[in-house]
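Student: Take a look at the following structure, please.
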Amino acid sequence: MNLASHCGEPLAALHFANFNQDYTSLAVGSKSGYRLFTLNSVDKLEQIYECTDTEEVCIVERLFSSSLVAIVSLTAPRKLKVCHFKKGTEICNYSYSNTILAVKLNRQRLIVCLEESLYIHNIRDMKVLHTIRETPPNPTGLCALSISNDNCFLAYPGSATIGEAQVFDTVNLRAVTMIPAHDSPLAAMAFDAAGTRLATASEKGTVIRVFTVPEGQKVFEFRRGVKRCVSICSLGFSLDSVFLCASSNTETVHIFKLESPKEKPQEEASTWSDYLGKVLMASTTYLPSQVSEMLNQGRAFATVRLPFSGHKNVCSLATVQKLPRLLVASSDGYLYIYNVDPQDGGECTLMKQHRLDGSTESVGGDILDPAGPAKFLVQPSYAAAVAKPATMASPSCPGFSEEAGAVGGASLIPEHEITHGEIQLDDENEFPPVIQQSES
């Protein structure tokens, strides 16, 4: 996610950080370029690539464990470059009519999100298949793309004033459903790996809901807290869709377990408080709907206390060295790795902190004091850091069309590298890259 801040101070240590689609890799963008790390060890964070040719990288997305990366820089925020990092070649570039706020990839589609439009590209040849125009203002570039080939859905805000989630089928290129998820505007969304569930959070940040896709039926509702409203930074399902994590601008990350009440083992009330809880739950039928709803909301299965507060961050639930871990990459320039107990939950243990600036230094869990002074940063949208007049690209640009709204050229990516098995994208017989220069 975009980690850039704009508060009269220098930008955060990182402009951007995000995990790849199966949480096996981390991509980081900064003033000096971008780096790619592999996430196969707790004790060591292995850097597999560093690019310093492109400065001020504000978006870098890697396609699974392939050599394909999509890059946007602060110096050219309307231009997308798709590169083969192992060969050091540019496959193609596209320019758009406004600032690129987010890029999402899966094995079939590449999505480019602008403030009021979304471009759907075929990832094999990078042709624009469809443009969703005049979307509600989306200054943060909020959108989510399922990684499933069978349920290749895109979700984006359907309203700027209430929390509606529009779900779009990127294969058949049609709207699927509109989910009335929250009363307040959406702040975060995430699909599970199968593309059959969508998690949402609003700007209030107190309630997280999970809906079935494409039906749009609410199946889970979790309460993150009641004392204060927060800004949700990210949501993420575990690959088996059993757990859901949520991070915010506070020091706490919540992990929820997706199990229905009938799946939970029945326990006898052993204390007065347990008995009172059972009585309250039994009485929800007779209480006002708002009170009943709150009592029925699930609570966190496990929690993480971060050693900071106020930093933008992105979290994921991954399996590292055969054990479940919570990973948090933060704008302070660190990756935090926590153990998660999948049976009992509770407070998670910090195992390691790794610097994301390319140095080999890594530190244990006692480097930062959670009770110490926290740095509170004002975190407006990434668009504020790259704001330019919202004018259309010149129609005189070669290849530009009002209909397509994007300018660029692409080389053909062999189909077997996209659709079958692990994507390598390093076949020496691959079509040579075609680069079309265009105004940005």
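Naming scheme: A, B, ... for chains in displayed order of the structure tokens; residues 1 onward per chain; ligands 1 onward as shown.
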Near A:Ala300, within 6 Å and counting only C-alpha atoms, which residues show up once chain neighbours fewer than 6 positions away are dropped, as a PyMOL selection string?
Tutor: chain A and resi 254-256
Student: May I have the residues within 9 Å of A:Thr196 as an mmCIF file with all heavy atoms, in the first residue's frame, using only C-alpha atoms and disregarding those fewer than 4 positions away in the same chain?
Tutor:
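The resulting file, result.cif, is shown below:
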```
data_model
loop_
_atom_site.group_PDB
_atom_site.id
_atom_site.type_symbol
_atom_site.label_atom_id
_atom_site.label_comp_id
_atom_site.auth_asym_id
_atom_site.auth_seq_id
_atom_site.Cartn_x
_atom_site.Cartn_y
_atom_site.Cartn_z
ATOM 1 N N SER A 146 -9.323 -10.098 -6.681
ATOM 2 C CA SER A 146 -9.180 -11.496 -6.278
ATOM 3 C C SER A 146 -8.047 -12.150 -7.055
ATOM 4 O O SER A 146 -7.831 -11.854 -8.228
ATOM 5 C CB SER A 146 -10.494 -12.242 -6.533
ATOM 6 O OG SER A 146 -10.297 -13.645 -6.475
ATOM 7 N N ASN A 151 -12.757 -17.027 -9.886
ATOM 8 C CA ASN A 151 -13.571 -15.916 -9.393
ATOM 9 C C ASN A 151 -12.733 -14.640 -9.450
ATOM 10 O O ASN A 151 -12.300 -14.122 -8.424
ATOM 11 C CB ASN A 151 -14.032 -16.193 -7.962
ATOM 12 C CG ASN A 151 -14.858 -17.451 -7.859
ATOM 13 O OD1 ASN A 151 -15.923 -17.566 -8.459
ATOM 14 N ND2 ASN A 151 -14.367 -18.421 -7.105
ATOM 15 N N PHE A 191 -10.182 -9.503 -0.693
ATOM 16 C CA PHE A 191 -10.762 -10.792 -1.056
ATOM 17 C C PHE A 191 -9.970 -11.906 -0.396
ATOM 18 O O PHE A 191 -8.762 -11.757 -0.132
ATOM 19 C CB PHE A 191 -10.711 -11.000 -2.570
ATOM 20 C CG PHE A 191 -11.751 -10.254 -3.351
ATOM 21 C CD1 PHE A 191 -11.415 -9.103 -4.045
ATOM 22 C CD2 PHE A 191 -13.065 -10.703 -3.406
ATOM 23 C CE1 PHE A 191 -12.365 -8.408 -4.779
ATOM 24 C CE2 PHE A 191 -14.030 -10.019 -4.136
ATOM 25 C CZ PHE A 191 -13.676 -8.873 -4.825
ATOM 26 N N ASP A 192 -10.644 -13.033 -0.163
ATOM 27 C CA ASP A 192 -9.891 -14.212 0.229
ATOM 28 C C ASP A 192 -9.306 -14.866 -1.021
ATOM 29 O O ASP A 192 -9.577 -14.437 -2.151
ATOM 30 C CB ASP A 192 -10.758 -15.189 1.027
ATOM 31 C CG ASP A 192 -11.844 -15.871 0.196
ATOM 32 O OD1 ASP A 192 -12.096 -15.442 -0.955
ATOM 33 O OD2 ASP A 192 -12.451 -16.835 0.694
ATOM 34 N N PHE A 211 -18.455 -10.660 3.550
ATOM 35 C CA PHE A 211 -19.594 -10.982 2.696
ATOM 36 C C PHE A 211 -19.217 -12.086 1.710
ATOM 37 O O PHE A 211 -18.057 -12.200 1.302
ATOM 38 C CB PHE A 211 -20.041 -9.736 1.912
ATOM 39 C CG PHE A 211 -20.441 -8.573 2.768
ATOM 40 C CD1 PHE A 211 -19.496 -7.645 3.203
ATOM 41 C CD2 PHE A 211 -21.763 -8.399 3.151
ATOM 42 C CE1 PHE A 211 -19.851 -6.568 3.995
ATOM 43 C CE2 PHE A 211 -22.136 -7.317 3.940
ATOM 44 C CZ PHE A 211 -21.180 -6.406 4.372
ATOM 45 N N THR A 212 -20.224 -12.870 1.338
ATOM 46 C CA THR A 212 -20.009 -13.856 0.283
ATOM 47 C C THR A 212 -20.035 -13.153 -1.066
ATOM 48 O O THR A 212 -20.721 -12.152 -1.254
ATOM 49 C CB THR A 212 -21.085 -14.956 0.305
ATOM 50 O OG1 THR A 212 -22.377 -14.346 0.118
ATOM 51 C CG2 THR A 212 -21.070 -15.724 1.610
ATOM 52 N N VAL A 213 -19.268 -13.682 -2.001
ATOM 53 C CA VAL A 213 -19.221 -13.155 -3.367
ATOM 54 C C VAL A 213 -19.497 -14.325 -4.312
ATOM 55 O O VAL A 213 -18.904 -15.392 -4.170
ATOM 56 C CB VAL A 213 -17.833 -12.533 -3.664
ATOM 57 C CG1 VAL A 213 -17.774 -12.015 -5.090
ATOM 58 C CG2 VAL A 213 -17.527 -11.402 -2.683
ATOM 59 N N PRO A 214 -20.420 -14.144 -5.271
ATOM 60 C CA PRO A 214 -21.051 -12.884 -5.703
ATOM 61 C C PRO A 214 -22.368 -12.543 -5.013
ATOM 62 O O PRO A 214 -22.985 -11.538 -5.342
ATOM 63 C CB PRO A 214 -21.292 -13.143 -7.194
ATOM 64 C CG PRO A 214 -21.572 -14.615 -7.273
ATOM 65 C CD PRO A 214 -20.692 -15.254 -6.218
#
```
Student: What's around A:Lys79 at 12 Å? Count only C-alpha atoms, leave out sequence neighbours fewer than 5 positions away in its own chain, and write the answer as a JSON list (two decimals) with N, CA, C and O atoms, in the first residue's frame.
Tutor:
```json
[["chain", "number", "residue", "atom", "x", "y", "z"],
["A", 57, "VAL", "N", 10.13, 5.61, -6.12],
["A", 57, "VAL", "CA", 9.13, 4.61, -6.51],
["A", 57, "VAL", "C", 8.00, 4.61, -5.47],
["A", 57, "VAL", "O", 8.23, 4.36, -4.28],
["A", 58, "CYS", "N", 6.80, 4.89, -5.92],
["A", 58, "CYS", "CA", 5.66, 4.98, -5.01],
["A", 58, "CYS", "C", 4.70, 3.81, -5.15],
["A", 58, "CYS", "O", 3.81, 3.64, -4.31],
["A", 59, "ILE", "N", 4.83, 3.02, -6.21],
["A", 59, "ILE", "CA", 4.06, 1.78, -6.35],
["A", 59, "ILE", "C", 4.97, 0.74, -6.99],
["A", 59, "ILE", "O", 5.61, 1.03, -8.01],
["A", 70, "ALA", "N", 5.19, -4.30, -11.69],
["A", 70, "ALA", "CA", 4.56, -3.08, -12.18],
["A", 70, "ALA", "C", 5.04, -1.92, -11.31],
["A", 70, "ALA", "O", 5.00, -2.03, -10.07],
["A", 71, "ILE", "N", 5.48, -0.83, -11.93],
["A", 71, "ILE", "CA", 6.16, 0.25, -11.21],
["A", 71, "ILE", "C", 5.56, 1.60, -11.59],
["A", 71, "ILE", "O", 5.29, 1.87, -12.76],
["A", 72, "VAL", "N", 5.39, 2.46, -10.58],
["A", 72, "VAL", "CA", 5.01, 3.85, -10.77],
["A", 72, "VAL", "C", 5.93, 4.70, -9.90],
["A", 72, "VAL", "O", 6.23, 4.32, -8.76],
["A", 73, "SER", "N", 6.37, 5.84, -10.42],
["A", 73, "SER", "CA", 7.25, 6.71, -9.65],
["A", 73, "SER", "C", 6.59, 8.05, -9.37],
["A", 73, "SER", "O", 5.67, 8.47, -10.09],
["A", 74, "LEU", "N", 7.06, 8.72, -8.33],
["A", 74, "LEU", "CA", 6.54, 10.05, -8.00],
["A", 74, "LEU", "C", 6.91, 11.07, -9.06],
["A", 74, "LEU", "O", 6.22, 12.07, -9.24],
["A", 92, "CYS", "N", 6.67, -3.05, -21.19],
["A", 92, "CYS", "CA", 5.81, -2.03, -21.80],
["A", 92, "CYS", "C", 5.63, -0.88, -20.83],
["A", 92, "CYS", "O", 6.00, -0.97, -19.64],
["A", 93, "ASN", "N", 5.08, 0.21, -21.33],
["A", 93, "ASN", "CA", 4.67, 1.29, -20.44],
["A", 93, "ASN", "C", 3.38, 1.90, -20.95],
["A", 93, "ASN", "O", 3.11, 1.89, -22.16],
["A", 94, "TYR", "N", 2.58, 2.39, -20.03],
["A", 94, "TYR", "CA", 1.31, 3.04, -20.36],
["A", 94, "TYR", "C", 1.20, 4.35, -19.60],
["A", 94, "TYR", "O", 1.61, 4.44, -18.45],
["A", 95, "SER", "N", 0.64, 5.35, -20.26],
["A", 95, "SER", "CA", 0.36, 6.63, -19.60],
["A", 95, "SER", "C", -1.14, 6.83, -19.51],
["A", 95, "SER", "O", -1.89, 6.45, -20.43],
["A", 96, "TYR", "N", -1.58, 7.44, -18.42],
["A", 96, "TYR", "CA", -3.00, 7.61, -18.15],
["A", 96, "TYR", "C", -3.33, 9.09, -17.97],
["A", 96, "TYR", "O", -2.44, 9.93, -17.89],
["A", 97, "SER", "N", -4.62, 9.39, -17.92],
["A", 97, "SER", "CA", -5.08, 10.77, -17.91],
["A", 97, "SER", "C", -4.93, 11.44, -16.56],
["A", 97, "SER", "O", -5.11, 12.65, -16.45],
["A", 98, "ASN", "N", -4.61, 10.66, -15.53],
["A", 98, "ASN", "CA", -4.48, 11.24, -14.19],
["A", 98, "ASN", "C", -3.53, 10.38, -13.37],
["A", 98, "ASN", "O", -3.05, 9.35, -13.84],
["A", 99, "THR", "N", -3.31, 10.77, -12.13],
["A", 99, "THR", "CA", -2.39, 10.08, -11.25],
["A", 99, "THR", "C", -2.83, 8.64, -11.00],
["A", 99, "THR", "O", -4.00, 8.38, -10.71],
["A", 100, "ILE", "N", -1.89, 7.71, -11.09],
["A", 100, "ILE", "CA", -2.15, 6.31, -10.77],
["A", 100, "ILE", "C", -2.10, 6.16, -9.26],
["A", 100, "ILE", "O", -1.08, 6.45, -8.62],
["A", 101, "LEU", "N", -3.19, 5.70, -8.67],
["A", 101, "LEU", "CA", -3.29, 5.58, -7.22],
["A", 101, "LEU", "C", -3.05, 4.17, -6.72],
["A", 101, "LEU", "O", -2.65, 3.97, -5.57],
["A", 102, "ALA", "N", -3.32, 3.17, -7.57],
["A", 102, "ALA", "CA", -3.11, 1.77, -7.16],
["A", 102, "ALA", "C", -3.00, 0.91, -8.41],
["A", 102, "ALA", "O", -3.58, 1.22, -9.46],
["A", 103, "VAL", "N", -2.26, -0.19, -8.27],
["A", 103, "VAL", "CA", -2.13, -1.20, -9.32],
["A", 103, "VAL", "C", -2.34, -2.56, -8.67],
["A", 103, "VAL", "O", -1.75, -2.85, -7.62],
["A", 112, "VAL", "N", -5.50, -0.85, -13.13],
["A", 112, "VAL", "CA", -4.93, 0.45, -12.81],
["A", 112, "VAL", "C", -6.07, 1.33, -12.29],
["A", 112, "VAL", "O", -7.08, 1.52, -12.97],
["A", 114, "LEU", "N", -7.38, 4.94, -11.02],
["A", 114, "LEU", "CA", -7.26, 6.39, -10.93],
["A", 114, "LEU", "C", -8.36, 6.88, -9.98],
["A", 114, "LEU", "O", -9.17, 6.09, -9.50],
["A", 393, "ALA", "N", -4.48, 13.59, -20.91],
["A", 393, "ALA", "CA", -3.28, 13.54, -21.72],
["A", 393, "ALA", "C", -3.59, 14.08, -23.11],
["A", 393, "ALA", "O", -4.71, 13.96, -23.62],
["A", 406, "ALA", "N", -5.70, 5.50, -22.26],
["A", 406, "ALA", "CA", -4.37, 5.09, -21.87],
["A", 406, "ALA", "C", -3.51, 5.00, -23.11],
["A", 406, "ALA", "O", -3.98, 4.62, -24.18],
["A", 407, "VAL", "N", -2.24, 5.37, -22.97],
["A", 407, "VAL", "CA", -1.31, 5.35, -24.09],
["A", 407, "VAL", "C", -0.21, 4.38, -23.77],
["A", 407, "VAL", "O", 0.36, 4.42, -22.68],
["A", 408, "GLY", "N", 0.11, 3.50, -24.68],
["A", 408, "GLY", "CA", 1.24, 2.61, -24.43],
["A", 408, "GLY", "C", 1.32, 1.50, -25.43],
["A", 408, "GLY", "O", 0.46, 1.32, -26.28],
["A", 436, "GLN", "N", 7.07, 1.85, -25.81],
["A", 436, "GLN", "CA", 6.53, 3.00, -26.53],
["A", 436, "GLN", "C", 6.59, 4.21, -25.62],
["A", 436, "GLN", "O", 5.97, 4.25, -24.57],
["A", 437, "GLN", "N", 7.37, 5.19, -25.98],
["A", 437, "GLN", "CA", 7.48, 6.41, -25.19],
["A", 437, "GLN", "C", 6.23, 7.25, -25.39],
["A", 437, "GLN", "O", 5.73, 7.37, -26.50],
["A", 438, "SER", "N", 5.76, 7.83, -24.34],
["A", 438, "SER", "CA", 4.57, 8.69, -24.47],
["A", 438, "SER", "C", 4.64, 9.74, -23.37],
["A", 438, "SER", "O", 5.31, 9.56, -22.35],
["A", 439, "GLU", "N", 3.92, 10.83, -23.57],
["A", 439, "GLU", "CA", 3.92, 11.89, -22.58],
["A", 439, "GLU", "C", 3.20, 11.42, -21.33],
["A", 439, "GLU", "O", 2.22, 10.71, -21.39],
["A", 440, "SER", "N", 3.70, 11.85, -20.23],
["A", 440, "SER", "CA", 3.06, 11.49, -18.96],
["A", 440, "SER", "C", 2.55, 12.73, -18.24],
["A", 440, "SER", "O", 2.05, 12.65, -17.19]]
```
Student: Between atom CA of A:Asn138 and atom CA of A:Glu115, what is the distance in Å, rounded to a tenth?
Tutor: 4.8 Å
Student: For atom CA of A:Glu56 and atom CA of A:Tyr156, determine how far apart the two atoms are, in Å to one decimal place.
Tutor: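 Atom CA of A:Glu56 sits 26.6 Å away from atom CA of A:Tyr156.
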Student: Let's see if you can do this: from backbone DSSP, list all strand (DSSP E) residues in stretch 129-336 of chain A, as a VMD selection string.
Tutor: chain A and resid 129 to 133 144 to 145 153 to 157 163 to 169 174 to 182 186 to 191 197 to 202 207 to 212 218 to 223 232 to 237 243 to 248 252 to 257 302 to 305 313 to 320 323 to 330 334 to 336
Student: Excluding A:Ala188 and its own-chain neighbours fewer than 2 positions away, which residues fall within 7 Å of it when counting only C-alpha atoms? Please give them as a list in words.
Tutor: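 The residues satisfying every condition are Leu142, Leu186, Thr200, Ala201, Ser202, Ile232, Cys233, Ser234 and Leu235 of chain A.
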